[in-house]
$ cat data-v8.tsv   # TSV, C-alpha atoms
chain	number	residue	atom	x	y	z
B	1	MET	CA	-16.75	-19.83	-27.08
B	2	GLN	CA	-19.14	-20.99	-24.37
B	3	PRO	CA	-17.99	-23.35	-21.60
B	4	THR	CA	-19.14	-26.96	-21.67
B	5	PRO	CA	-21.69	-28.00	-18.99
B	6	ASP	CA	-19.13	-29.88	-16.86
B	7	PHE	CA	-16.70	-26.94	-16.72
B	8	ASN	CA	-16.49	-24.79	-13.58
B	9	ALA	CA	-14.52	-21.73	-14.67
B	10	SER	CA	-14.52	-20.05	-11.26
B	11	ARG	CA	-13.17	-23.12	-9.51
B	12	LEU	CA	-10.39	-23.62	-12.06
B	13	ALA	CA	-9.41	-19.95	-11.93
B	14	ARG	CA	-9.16	-20.05	-8.13
B	15	SER	CA	-7.15	-23.26	-8.31
B	16	LEU	CA	-4.62	-21.69	-10.68
B	17	LEU	CA	-4.30	-18.63	-8.45
B	18	ARG	CA	-3.78	-20.80	-5.36
B	19	ARG	CA	-1.38	-23.34	-6.89
B	20	SER	CA	0.85	-21.11	-8.99
B	21	ARG	CA	4.30	-20.24	-7.69
B	22	GLN	CA	5.69	-18.45	-10.79
B	23	GLY	CA	4.15	-16.23	-13.42
B	24	ALA	CA	4.80	-13.75	-16.21
B	25	LEU	CA	4.31	-10.18	-14.99
B	26	ALA	CA	3.52	-7.52	-17.59
B	27	THR	CA	4.03	-3.85	-16.70
B	28	LEU	CA	4.24	-0.55	-18.58
B	29	MET	CA	7.65	1.03	-19.08
B	30	ALA	CA	8.02	4.28	-17.20
B	31	GLY	CA	8.17	7.16	-19.65
B	32	SER	CA	7.43	5.34	-22.91
B	33	GLY	CA	4.50	3.17	-21.82
B	34	ASP	CA	5.92	0.26	-23.81
B	35	PRO	CA	4.97	-3.23	-22.57
B	36	TYR	CA	7.54	-5.07	-20.46
B	37	CYS	CA	7.31	-8.68	-19.29
B	38	SER	CA	9.30	-10.44	-16.57
B	39	LEU	CA	9.30	-13.70	-14.64
B	40	VAL	CA	8.29	-13.44	-10.97
B	41	ASN	CA	7.58	-15.74	-8.06
B	42	VAL	CA	4.05	-15.49	-6.70
B	43	ALA	CA	1.98	-16.58	-3.74
B	44	SER	CA	-1.71	-16.07	-3.01
B	45	HIS	CA	-3.44	-13.74	-0.57
B	46	ALA	CA	-6.17	-15.21	1.61
B	47	ASP	CA	-8.65	-13.91	-0.98
B	48	ALA	CA	-6.65	-15.62	-3.81
B	49	SER	CA	-5.22	-12.42	-5.30
B	50	PRO	CA	-1.51	-12.68	-6.23
B	51	ILE	CA	1.30	-11.59	-3.90
B	52	LEU	CA	4.69	-10.45	-5.19
B	53	LEU	CA	7.97	-9.78	-3.37
B	54	ILE	CA	9.94	-7.47	-5.66
B	55	SER	CA	12.93	-5.15	-5.46
B	56	ARG	CA	12.91	-1.46	-6.28
B	57	LEU	CA	16.08	-2.13	-8.24
B	58	ALA	CA	14.10	-4.26	-10.70
B	59	LEU	CA	12.68	-2.64	-13.81
B	60	HIS	CA	9.21	-4.10	-13.27
B	61	THR	CA	9.03	-2.50	-9.82
B	62	LYS	CA	10.07	0.89	-11.20
B	63	ASN	CA	7.35	0.49	-13.81
B	64	ILE	CA	4.72	-0.34	-11.17
B	65	LEU	CA	5.68	2.65	-9.03
B	66	GLY	CA	5.15	4.85	-12.09
B	67	ASP	CA	1.93	3.16	-13.25
B	68	SER	CA	0.35	0.47	-11.08
B	69	ARG	CA	-1.49	-1.21	-13.95
B	70	ALA	CA	-0.22	-4.75	-14.44
B	71	SER	CA	-1.13	-8.12	-15.87
B	72	LEU	CA	-0.07	-11.54	-14.65
B	73	MET	CA	-0.23	-14.82	-16.56
B	74	LEU	CA	-0.30	-18.06	-14.61
B	75	ASP	CA	-0.39	-21.55	-16.10
B	76	GLU	CA	-0.70	-25.05	-14.72
B	77	ARG	CA	2.67	-26.16	-16.15
B	78	ALA	CA	1.11	-29.21	-17.79
B	79	ALA	CA	3.38	-31.86	-19.29
B	80	GLY	CA	3.76	-31.87	-23.07
B	81	ASP	CA	2.47	-28.94	-25.10
B	82	PRO	CA	2.03	-26.04	-22.63
B	83	LEU	CA	-0.72	-24.60	-24.83
B	84	GLU	CA	-2.86	-27.63	-23.98
B	85	GLY	CA	-2.83	-26.71	-20.30
B	86	ALA	CA	-5.05	-24.20	-18.50
B	87	ARG	CA	-3.86	-20.64	-17.95
B	88	ILE	CA	-5.25	-17.43	-16.58
B	89	MET	CA	-4.41	-13.86	-17.56
B	90	LEU	CA	-5.23	-11.55	-14.69
B	91	ALA	CA	-5.40	-7.77	-15.03
B	92	GLY	CA	-5.38	-5.24	-12.21
B	93	ARG	CA	-3.24	-2.85	-10.21
B	94	ALA	CA	-0.17	-3.76	-8.17
B	95	GLU	CA	-0.45	-2.19	-4.71
B	96	GLU	CA	2.41	-1.98	-2.23
B	97	ALA	CA	1.44	-3.46	1.13
B	98	ALA	CA	1.59	-1.50	4.38
B	99	GLY	CA	0.68	-2.03	8.00
B	100	ASP	CA	-1.28	-5.15	8.95
B	101	ASP	CA	-1.75	-6.07	5.30
B	102	ALA	CA	2.02	-6.21	4.85
B	103	VAL	CA	2.24	-8.66	7.76
B	104	LEU	CA	-0.34	-10.93	6.14
B	105	LEU	CA	1.30	-10.77	2.73
B	106	ARG	CA	4.72	-11.49	4.19
B	107	ARG	CA	3.46	-14.50	6.14
B	108	ARG	CA	1.64	-16.09	3.23
B	109	TYR	CA	4.44	-15.41	0.75
B	110	LEU	CA	7.16	-16.85	2.97
B	111	ASN	CA	5.06	-19.94	3.69
B	112	ALA	CA	4.99	-20.55	-0.06
B	113	HIS	CA	8.60	-19.45	-0.68
B	114	PRO	CA	10.60	-20.12	2.53
B	115	SER	CA	13.93	-19.35	0.86
B	116	ALA	CA	12.78	-15.76	0.28
B	117	GLY	CA	13.26	-15.16	4.00
B	118	ALA	CA	16.95	-14.65	3.21
B	119	PHE	CA	16.24	-11.35	1.44
B	120	ALA	CA	12.67	-10.35	2.35
B	121	ASP	CA	13.95	-7.77	4.86
B	122	PHE	CA	16.35	-6.08	2.46
B	123	LYS	CA	15.47	-2.38	2.26
B	124	ASP	CA	14.85	-2.44	-1.48
B	125	PHE	CA	12.32	-5.31	-1.31
B	126	SER	CA	8.61	-4.84	-0.69
B	127	PHE	CA	5.49	-6.96	-0.84
B	128	PHE	CA	2.87	-6.06	-3.43
B	129	ARG	CA	-0.61	-7.44	-4.03
B	130	ILE	CA	-2.28	-7.36	-7.44
B	131	ALA	CA	-5.85	-6.15	-6.92
B	132	PRO	CA	-7.63	-7.74	-9.88
B	133	SER	CA	-10.06	-5.96	-12.19
B	134	GLY	CA	-10.76	-9.09	-14.21
B	135	ALA	CA	-9.33	-12.27	-15.67
B	136	HIS	CA	-9.30	-14.21	-18.94
B	137	LEU	CA	-9.25	-17.99	-18.49
B	138	VAL	CA	-8.17	-20.34	-21.28
B	139	ALA	CA	-8.64	-24.04	-20.56
B	140	GLY	CA	-9.11	-25.66	-23.96
B	141	PHE	CA	-11.69	-25.76	-26.75
B	142	GLY	CA	-15.03	-24.41	-25.54
B	143	ARG	CA	-13.42	-23.33	-22.29
B	144	ILE	CA	-12.42	-19.70	-22.78
B	145	VAL	CA	-14.09	-17.38	-20.31
B	146	ASP	CA	-13.80	-13.80	-19.05
B	147	LEU	CA	-14.34	-13.53	-15.30
B	148	ASN	CA	-14.91	-10.64	-12.93
B	149	PRO	CA	-13.20	-10.60	-9.52
B	150	ALA	CA	-16.30	-11.79	-7.66
B	151	GLN	CA	-16.19	-14.97	-9.72
B	152	PHE	CA	-12.67	-16.04	-8.71
B	153	LEU	CA	-11.75	-14.26	-5.47
B	154	THR	CA	-12.59	-15.70	-2.05
B	155	ASP	CA	-14.76	-13.62	0.27
B	156	ILE	CA	-12.82	-13.09	3.51
B	157	SER	CA	-15.04	-10.37	4.99
B	158	ASP	CA	-16.33	-12.73	7.70
B	159	ALA	CA	-13.15	-14.77	8.18
B	160	ALA	CA	-11.09	-12.59	10.54
B	161	ALA	CA	-10.97	-15.34	13.17
B	162	LEU	CA	-9.68	-17.87	10.64
B	163	LEU	CA	-6.99	-15.53	9.31
B	164	GLU	CA	-5.84	-14.73	12.83
B	165	ALA	CA	-5.48	-18.44	13.58
B	166	GLU	CA	-4.10	-19.40	10.18
B	167	GLN	CA	-0.38	-19.36	10.93
B	168	GLY	CA	-0.86	-21.43	14.06
B	169	ALA	CA	-2.89	-23.94	12.07
B	170	VAL	CA	-0.24	-24.11	9.34
B	171	GLU	CA	2.53	-24.73	11.86
B	172	HIS	CA	0.42	-27.30	13.75
B	173	MET	CA	-0.33	-29.27	10.58
B	174	ASN	CA	3.31	-29.23	9.51
B	175	GLU	CA	4.74	-30.13	12.90
B	176	ASP	CA	2.19	-32.69	14.11
B	177	HIS	CA	0.12	-33.95	11.19
B	178	ARG	CA	2.37	-34.72	8.23
B	179	GLU	CA	0.71	-38.14	7.97
B	180	ALA	CA	-2.67	-36.47	7.48
B	181	MET	CA	-1.18	-34.11	4.89
B	182	ASN	CA	0.11	-37.08	2.92
B	183	LEU	CA	-3.29	-38.77	3.17
B	184	TYR	CA	-5.04	-35.69	1.80
B	185	ALA	CA	-2.60	-35.60	-1.09
B	186	THR	CA	-2.60	-39.29	-2.01
B	187	LYS	CA	-6.11	-40.45	-1.11
B	188	LEU	CA	-8.20	-37.35	-1.79
B	189	LEU	CA	-6.22	-35.60	-4.53
B	190	GLY	CA	-4.55	-38.54	-6.30
B	191	ALA	CA	-1.01	-37.21	-5.88
B	192	ASP	CA	2.15	-39.19	-5.22
B	193	SER	CA	3.33	-39.72	-1.67
B	194	ALA	CA	5.76	-36.98	-0.59
B	195	ASP	CA	6.65	-34.76	2.32
B	196	TRP	CA	3.58	-32.57	1.79
B	197	SER	CA	3.35	-29.39	3.84
B	198	CYS	CA	0.61	-26.86	4.42
B	199	THR	CA	1.28	-23.33	3.16
B	200	GLY	CA	-2.05	-21.67	3.90
B	201	CYS	CA	-5.72	-21.97	4.80
B	202	ASP	CA	-8.64	-19.82	3.74
B	203	PRO	CA	-12.44	-20.14	3.80
B	204	ASP	CA	-12.47	-22.27	0.64
B	205	GLY	CA	-9.62	-24.70	1.23
B	206	MET	CA	-6.01	-25.49	2.08
B	207	ASP	CA	-2.84	-25.09	0.00
B	208	MET	CA	-0.15	-27.78	0.01
B	209	GLN	CA	3.25	-28.24	-1.61
B	210	ALA	CA	6.15	-30.69	-1.83
B	211	ASP	CA	9.18	-31.03	-4.09
B	212	GLY	CA	8.20	-28.09	-6.27
B	213	LYS	CA	4.63	-29.35	-6.76
B	214	THR	CA	1.49	-27.74	-5.39
B	215	LEU	CA	-1.99	-28.99	-4.54
B	216	ARG	CA	-5.29	-27.40	-3.60
B	217	LEU	CA	-7.57	-29.18	-1.13
B	218	ASP	CA	-11.05	-27.67	-1.48
B	219	PHE	CA	-13.25	-27.80	1.60
B	220	PRO	CA	-16.76	-29.31	1.28
B	221	GLU	CA	-18.16	-26.22	3.01
B	222	ARG	CA	-17.05	-22.70	3.80
B	223	VAL	CA	-14.88	-22.18	6.91
B	224	THR	CA	-14.57	-18.89	8.82
B	225	GLY	CA	-13.06	-19.86	12.17
B	226	PRO	CA	-10.44	-22.17	13.72
B	227	GLY	CA	-13.01	-24.53	15.25
B	228	GLU	CA	-14.65	-25.13	11.87
B	229	LEU	CA	-11.22	-25.58	10.28
B	230	ARG	CA	-10.19	-28.25	12.76
B	231	LYS	CA	-13.48	-30.13	12.32
B	232	ILE	CA	-13.22	-30.18	8.53
B	233	LEU	CA	-9.57	-31.27	8.54
B	234	VAL	CA	-10.38	-34.11	10.94
B	235	ASN	CA	-13.32	-35.21	8.79
B	236	LEU	CA	-11.22	-35.09	5.63
B	237	ALA	CA	-8.49	-37.18	7.29
B	238	GLU	CA	-11.10	-39.77	8.26
B	239	GLN	CA	-12.41	-39.84	4.69
B	240	ALA	CA	-8.88	-40.34	3.39
B	241	ARG	CA	-8.15	-43.18	5.81
B	242	ALA	CA	-11.44	-44.87	4.83
B	243	LYS	CA	-10.21	-45.07	1.25
B	244	GLY	CA	-7.60	-47.59	2.42

$ encode --input "data-v8.tsv" --output "structure tokens"
Amino acid sequence: MQPTPDFNASRLARSLLRRSRQGALATLMAGSGDPYCSLVNVASHADASPILLISRLALHTKNILGDSRASLMLDERAAGDPLEGARIMLAGRAEEAAGDDAVLLRRRYLNAHPSAGAFADFKDFSFFRIAPSGAHLVAGFGRIVDLNPAQFLTDISDAAALLEAEQGAVEHMNEDHREAMNLYATKLLGADSADWSCTGCDPDGMDMQADGKTLRLDFPERVTGPGELRKILVNLAEQARAKG
């Protein structure tokens, strides 16, 4: 099937990767190679690739350590028939994080799943990132598309300054600008009023969540540094207030 003219497959795929907090992880059984599927919590890397926090005691982790090939299915959890909602099946390799990358993965994952801080430092737990090789997006009739990583990942090669300032920006928004967060959600994204919090920023947008729900605020232009981020967030707050 070919996508309809008004359908932006790349944007929808990125949105699903950014907004999803749970997914079905498929791995290959060590020894037999049989398929094995499990439910996992997920967060997104700055480039939108999935982050996992998994225990070596879990079968899926043992499978990954034997064969890093994995697939992850994420869906938008639409009301009613789940098959009417959009979903993405991402294939790639699950890579255990180390060094500075582990610090980044930990920060972004715990921002999305604060309760995981209670066990994130257990010796058997580690952070993994799924490096995608491709994705299959299903979003309804005429909207089934295969995508390569360049079509759904965010380029962060020039965004070191933004990533360095990200945690400070997240904490600043959550501590001092909850009103603006609620304005973004209600006036710009059409969501209900709630105690919306920021969980991450990247060159393409900002991630928000409240009461088990997630939102993606896309930026009107690419951001690579903290000064640009502040300017865009101020402008978006002004736009939201102007909507009354």

$ closest_atom_pairs --input "data-v8.tsv" --of "range 114-141 of chain B" --to "range 85-89 of chain B" --cutoff "8 Å" --atoms "all atoms listed in the file" --output "JSON lines"
{"residue": "B:Ala135", "atom": "CA", "partner": "B:Met89", "partner_atom": "CA", "distance": 5.5}
{"residue": "B:His136", "atom": "CA", "partner": "B:Met89", "partner_atom": "CA", "distance": 5.1}
{"residue": "B:Leu137", "atom": "CA", "partner": "B:Ile88", "partner_atom": "CA", "distance": 4.5}
{"residue": "B:Val138", "atom": "CA", "partner": "B:Arg87", "partner_atom": "CA", "distance": 5.5}
{"residue": "B:Ala139", "atom": "CA", "partner": "B:Ala86", "partner_atom": "CA", "distance": 4.1}
{"residue": "B:Gly140", "atom": "CA", "partner": "B:Ala86", "partner_atom": "CA", "distance": 7.0}

$ residues_around --input "data-v8.tsv" --residues "range 68-81 of chain B" --least-positions-apart "4" --cutoff "9 Å" --atoms "only C-alpha atoms" --output "short mmCIF file (atom, residue, chain, number, x, y, z; two decimals) with C-alpha atoms, in the coordinates of the input"
data_model
loop_
_atom_site.label_atom_id
_atom_site.label_comp_id
_atom_site.auth_asym_id
_atom_site.auth_seq_id
_atom_site.Cartn_x
_atom_site.Cartn_y
_atom_site.Cartn_z
CA LEU B 16 -4.62 -21.69 -10.68
CA LEU B 17 -4.30 -18.63 -8.45
CA ARG B 19 -1.38 -23.34 -6.89
CA SER B 20 0.85 -21.11 -8.99
CA ARG B 21 4.30 -20.24 -7.69
CA GLN B 22 5.69 -18.45 -10.79
CA GLY B 23 4.15 -16.23 -13.42
CA ALA B 24 4.80 -13.75 -16.21
CA LEU B 25 4.31 -10.18 -14.99
CA ALA B 26 3.52 -7.52 -17.59
CA THR B 27 4.03 -3.85 -16.70
CA LEU B 28 4.24 -0.55 -18.58
CA PRO B 50 -1.51 -12.68 -6.23
CA ASN B 63 7.35 0.49 -13.81
CA ILE B 64 4.72 -0.34 -11.17
CA GLY B 85 -2.83 -26.71 -20.30
CA ALA B 86 -5.05 -24.20 -18.50
CA ARG B 87 -3.86 -20.64 -17.95
CA ILE B 88 -5.25 -17.43 -16.58
CA MET B 89 -4.41 -13.86 -17.56
CA LEU B 90 -5.23 -11.55 -14.69
CA ALA B 91 -5.40 -7.77 -15.03
CA GLY B 92 -5.38 -5.24 -12.21
CA ARG B 93 -3.24 -2.85 -10.21
CA ALA B 94 -0.17 -3.76 -8.17
CA GLU B 95 -0.45 -2.19 -4.71
CA ILE B 130 -2.28 -7.36 -7.44
CA PRO B 132 -7.63 -7.74 -9.88
#

$ closest_atom_pairs --input "data-v8.tsv" --of "range 6-88 of chain B" --to "range 188-208 of chain B" --cutoff "10 Å" --atoms "all atoms listed in the file" --output "tab-separated table"
residue	atom	partner	partner_atom	distance
B:Arg14	CA	B:Asp204	CA	9.6
B:Ser15	CA	B:Asp207	CA	9.5
B:Arg18	CA	B:Asp207	CA	6.9
B:Arg19	CA	B:Asp207	CA	7.3
B:Ala43	CA	B:Thr199	CA	9.7
B:Ser44	CA	B:Gly200	CA	8.9
B:His45	CA	B:Asp202	CA	9.1
B:Ala46	CA	B:Asp202	CA	5.6
B:Asp47	CA	B:Asp202	CA	7.6
B:Ala48	CA	B:Asp202	CA	8.9

$ closest_residue --input "data-v8.tsv" --among "B:Arg241, B:His177, B:Arg108, B:Arg143" --to "Asn8 in chain B" --atoms "only C-alpha atoms"
B:Arg143

$ atom_distance --input "data-v8.tsv" --atom1 "CA of Ser133 in chain B" --atom2 "CA of His113 in chain B"
25.7 Å

$ residues_around --input "data-v8.tsv" --residues "Ala180 in chain B" --least-positions-apart "3" --cutoff "9 Å" --atoms "all atoms listed in the file" --output "list in words"
Met173, His177, Leu183, Tyr184, Ala185, Leu233, Val234, Leu236, Ala237, Ala240 and Arg241 of chain B

$ closest_residue --input "data-v8.tsv" --among "B:Leu110, B:Arg11, B:Gly33, B:Glu238" --to "Arg216 in chain B" --atoms "all atoms listed in the file"
B:Arg11

$ closest_residue --input "data-v8.tsv" --among "B:Arg56, B:Asn235, B:Glu179, B:Gln167" --to "Glu221 in chain B" --atoms "only C-alpha atoms"
B:Asn235

$ atom_distance --input "data-v8.tsv" --atom1 "CA of Phe119 in chain B" --atom2 "CA of Asp176 in chain B"
28.5 Å

$ closest_residue --input "data-v8.tsv" --among "B:Ala161, B:Glu166, B:Leu53, B:Lys187" --to "Gly244 in chain B" --atoms "all atoms listed in the file"
B:Lys187

$ closest_residue --input "data-v8.tsv" --among "B:Ala169, B:Ala97, B:Leu83, B:Leu52" --to "Val40 in chain B" --atoms "only C-alpha atoms"
B:Leu52

$ closest_residue --input "data-v8.tsv" --among "B:Leu12, B:Ile232, B:Val223, B:Val42" --to "Asn111 in chain B" --atoms "all atoms listed in the file"
B:Val42

$ atom_distance --input "data-v8.tsv" --atom1 "CA of Tyr36 in chain B" --atom2 "CA of Phe128 in chain B"
17.7 Å

$ build_atoms --input "data-v8.tsv" --residues "range 132-154 of chain B" --atoms "N, CA, C and O atoms" --output "compact mmCIF listing (two decimals), keeping the file's coordinate frame"
# COMPACT_ATOMS: atom_id res chain seq x y z
N PRO B 132 -7.16 -7.43 -8.53
CA PRO B 132 -7.63 -7.74 -9.88
C PRO B 132 -8.83 -6.90 -10.30
O PRO B 132 -9.71 -6.58 -9.50
N SER B 133 -8.88 -6.58 -11.60
CA SER B 133 -10.06 -5.96 -12.19
C SER B 133 -10.80 -6.96 -13.06
O SER B 133 -11.96 -6.74 -13.42
N GLY B 134 -10.14 -8.05 -13.41
CA GLY B 134 -10.76 -9.09 -14.21
C GLY B 134 -9.75 -10.14 -14.61
O GLY B 134 -8.55 -9.99 -14.33
N ALA B 135 -10.22 -11.19 -15.25
CA ALA B 135 -9.33 -12.27 -15.67
C ALA B 135 -9.87 -12.94 -16.93
O ALA B 135 -11.08 -12.96 -17.17
N HIS B 136 -8.96 -13.48 -17.72
CA HIS B 136 -9.30 -14.21 -18.94
C HIS B 136 -8.74 -15.63 -18.77
O HIS B 136 -7.53 -15.83 -18.66
N LEU B 137 -9.62 -16.60 -18.72
CA LEU B 137 -9.25 -17.99 -18.49
C LEU B 137 -9.31 -18.76 -19.80
O LEU B 137 -10.31 -18.71 -20.52
N VAL B 138 -8.23 -19.48 -20.11
CA VAL B 138 -8.17 -20.34 -21.28
C VAL B 138 -7.87 -21.76 -20.79
O VAL B 138 -6.82 -22.02 -20.21
N ALA B 139 -8.81 -22.67 -21.05
CA ALA B 139 -8.64 -24.04 -20.56
C ALA B 139 -8.98 -25.07 -21.61
O ALA B 139 -9.38 -26.19 -21.30
N GLY B 140 -8.83 -24.72 -22.88
CA GLY B 140 -9.11 -25.66 -23.96
C GLY B 140 -10.30 -25.25 -24.79
O GLY B 140 -10.97 -24.25 -24.54
N PHE B 141 -10.60 -26.05 -25.83
CA PHE B 141 -11.69 -25.76 -26.75
C PHE B 141 -13.01 -25.67 -25.99
O PHE B 141 -13.36 -26.55 -25.21
N GLY B 142 -13.75 -24.59 -26.22
CA GLY B 142 -15.03 -24.41 -25.54
C GLY B 142 -14.89 -23.99 -24.10
O GLY B 142 -15.88 -23.94 -23.37
N ARG B 143 -13.67 -23.69 -23.69
CA ARG B 143 -13.42 -23.33 -22.29
C ARG B 143 -12.58 -22.06 -22.20
O ARG B 143 -11.51 -22.05 -21.61
N ILE B 144 -13.07 -21.01 -22.82
CA ILE B 144 -12.42 -19.70 -22.78
C ILE B 144 -13.43 -18.72 -22.21
O ILE B 144 -14.50 -18.51 -22.79
N VAL B 145 -13.10 -18.15 -21.05
CA VAL B 145 -14.09 -17.38 -20.31
C VAL B 145 -13.45 -16.12 -19.72
O VAL B 145 -12.33 -16.17 -19.21
N ASP B 146 -14.17 -15.01 -19.78
CA ASP B 146 -13.80 -13.80 -19.05
C ASP B 146 -14.52 -13.80 -17.72
O ASP B 146 -15.72 -14.08 -17.65
N LEU B 147 -13.78 -13.49 -16.65
CA LEU B 147 -14.34 -13.53 -15.30
C LEU B 147 -14.14 -12.19 -14.61
O LEU B 147 -13.12 -11.52 -14.80
N ASN B 148 -15.10 -11.81 -13.78
CA ASN B 148 -14.91 -10.64 -12.93
C ASN B 148 -14.40 -11.08 -11.57
O ASN B 148 -14.50 -12.28 -11.22
N PRO B 149 -13.82 -10.18 -10.79
CA PRO B 149 -13.20 -10.60 -9.52
C PRO B 149 -14.11 -11.40 -8.59
O PRO B 149 -13.65 -12.32 -7.91
N ALA B 150 -15.39 -11.07 -8.55
CA ALA B 150 -16.30 -11.79 -7.66
C ALA B 150 -16.43 -13.26 -8.03
O ALA B 150 -16.82 -14.09 -7.19
N GLN B 151 -16.07 -13.60 -9.27
CA GLN B 151 -16.19 -14.97 -9.72
C GLN B 151 -14.97 -15.83 -9.40
O GLN B 151 -15.05 -17.06 -9.51
N PHE B 152 -13.84 -15.21 -9.02
CA PHE B 152 -12.67 -16.04 -8.71
C PHE B 152 -11.98 -15.69 -7.40
O PHE B 152 -11.12 -16.45 -6.94
N LEU B 153 -12.33 -14.59 -6.77
CA LEU B 153 -11.75 -14.26 -5.47
C LEU B 153 -12.58 -14.89 -4.35
O LEU B 153 -13.77 -15.14 -4.50
N THR B 154 -11.93 -15.13 -3.23
CA THR B 154 -12.59 -15.70 -2.05
C THR B 154 -13.02 -14.58 -1.12
O THR B 154 -12.21 -13.69 -0.78
